[in-house]
Amino acid sequence: MESLNIEATADTPAIDFRAEDGRLSVAGKSYPQNVFQFYKPISDWLNQFLQSSQVPAELHLSYIALNSSTTKVIFDWLDSLEQAQEENPERGVKVVWHYPPERSALLQAGEDFREAFEELSFELVPDLK
């Protein structure tokens with residue numbers, strides 16, 4: 001399976017999904033004009049990866065800003081990751097939510113996701129860049 005790399009724009013995050021080692025990274029702002037059009041190929045890639053590979057998956061989310069439609073996409077991703085974890089507990093699925101310390105709303109979003117997906121290993125990490 002090919003890796004997926006998409007460069008960041010002023011309104012969309014950088015995507016770096018590496019199939020060979022299961023490291024999946026999203027970083028930047030997420031305000032695309034059409035959220036579902038932008039994220040559909042990314043979601044499709046993630047679902048294919050989860051079905052076709054057994055390597056551990058580690059999703060790093062480093063948003064500096066996001067809209068409510070993006071949170072729906074993230075919820076769907078976490079749901080897929082949780083299902084993959086439940087189907088194969090030995091696989092290892094981890095989510096790392098990076099947040100700017102000055103953005104309490106992003107910390108709160110990470111905490112909300114962690115509560116909603118208790119079966120996932122979910123880490124909240126202040127991004128001290």
# chains A, B, ... in the order shown; residues from 1 in each chain; ligands from 1
>>> select_by_dssp(residues="chain A", states="alpha helix (DSSP H)", output="count of residues only")
51
>>> select_by_dssp(residues="range 15-49 of chain A", states="strand (DSSP E or B)", output="mmCIF file with N, CA and C atoms, in the first residue's frame")
data_model
loop_
_atom_site.group_PDB
_atom_site.id
_atom_site.type_symbol
_atom_site.label_atom_id
_atom_site.label_comp_id
_atom_site.auth_asym_id
_atom_site.auth_seq_id
_atom_site.Cartn_x
_atom_site.Cartn_y
_atom_site.Cartn_z
ATOM 1 N N ILE A 15 -0.868 16.170 5.552
ATOM 2 C CA ILE A 15 -1.189 14.770 5.814
ATOM 3 C C ILE A 15 0.045 13.949 5.488
ATOM 4 N N ASP A 16 0.461 13.121 6.422
ATOM 5 C CA ASP A 16 1.589 12.215 6.205
ATOM 6 C C ASP A 16 1.198 10.862 6.793
ATOM 7 N N PHE A 17 0.630 10.007 5.954
ATOM 8 C CA PHE A 17 0.207 8.670 6.368
ATOM 9 C C PHE A 17 1.186 7.682 5.755
ATOM 10 N N ARG A 18 1.961 7.020 6.611
ATOM 11 C CA ARG A 18 2.974 6.070 6.144
ATOM 12 C C ARG A 18 2.506 4.653 6.425
ATOM 13 N N ARG A 23 2.518 5.049 10.959
ATOM 14 C CA ARG A 23 2.492 6.394 11.558
ATOM 15 C C ARG A 23 1.657 7.309 10.678
ATOM 16 N N LEU A 24 0.613 7.834 11.265
ATOM 17 C CA LEU A 24 -0.335 8.662 10.546
ATOM 18 C C LEU A 24 -0.343 10.038 11.200
ATOM 19 N N SER A 25 -0.006 11.081 10.449
ATOM 20 C CA SER A 25 0.107 12.425 11.029
ATOM 21 C C SER A 25 -0.733 13.427 10.250
ATOM 22 N N VAL A 26 -1.405 14.271 11.009
ATOM 23 C CA VAL A 26 -2.183 15.376 10.453
ATOM 24 C C VAL A 26 -1.771 16.610 11.241
ATOM 25 N N ALA A 27 -1.386 17.692 10.543
ATOM 26 C CA ALA A 27 -0.903 18.876 11.253
ATOM 27 C C ALA A 27 -1.286 20.150 10.516
ATOM 28 N N GLY A 28 -1.838 21.094 11.269
ATOM 29 C CA GLY A 28 -2.127 22.407 10.709
ATOM 30 C C GLY A 28 -3.556 22.845 10.955
ATOM 31 N N LYS A 29 -4.021 23.748 10.105
ATOM 32 C CA LYS A 29 -5.379 24.289 10.182
ATOM 33 C C LYS A 29 -6.311 23.437 9.332
ATOM 34 N N SER A 30 -7.566 23.362 9.750
ATOM 35 C CA SER A 30 -8.539 22.624 8.962
ATOM 36 C C SER A 30 -9.819 23.445 8.805
#
>>> residues_around(residues="range 88-97 of chain A", least_positions_apart="3", cutoff="7 Å", atoms="only C-alpha atoms", output="PyMOL selection string")
chain A and resi 54-62+81+84-85+110+120-125
>>> atom_distance(atom1="CA of Ser69 in chain A", atom2="CA of Val35 in chain A")
6.5 Å
>>> atom_distance(atom1="CA of Leu107 in chain A", atom2="CA of Ile74 in chain A")
14.6 Å
>>> residues_around(residues="Asp127 in chain A", least_positions_apart="5", cutoff="9 Å", atoms="only C-alpha atoms", output="number ranges by chain")
A: 62, 98-101
>>> residues_around(residues="Gln51 in chain A", least_positions_apart="4", cutoff="10 Å", atoms="only C-alpha atoms", output="PyMOL selection string")
chain A and resi 45-47+80+84
>>> residues_around(residues="Gln33 in chain A", least_positions_apart="3", cutoff="9 Å", atoms="only C-alpha atoms", output="CSV table (one decimal) with C-alpha atoms, in the first residue's frame")
chain,number,residue,atom,x,y,z
A,11,ASP,CA,-7.0,26.2,5.0
A,37,GLN,CA,-14.4,16.4,-0.3
A,38,PHE,CA,-11.0,17.2,1.2
>>> closest_residue(among="A:Glu118, A:Glu2, A:Glu86, A:Asp79", to="Gly22 in chain A", atoms="only C-alpha atoms")
A:Glu2
>>> atom_distance(atom1="CA of Pro126 in chain A", atom2="CA of Thr70 in chain A")
20.2 Å
>>> closest_residue(among="A:Leu78, A:Leu50, A:Leu128, A:Ala14", to="Glu115 in chain A", atoms="only C-alpha atoms")
A:Leu78
>>> closest_residue(among="A:Ala19, A:Asp76, A:Thr71, A:Asn34", to="Asp112 in chain A", atoms="only C-alpha atoms")
A:Thr71
>>> closest_residue(among="A:Phe49, A:Phe36, A:Glu102, A:Glu87", to="Lys72 in chain A", atoms="only C-alpha atoms")
A:Phe36
>>> closest_residue(among="A:Leu106, A:Met1, A:Ile42, A:Ile6", to="Leu66 in chain A", atoms="only C-alpha atoms")
A:Leu106
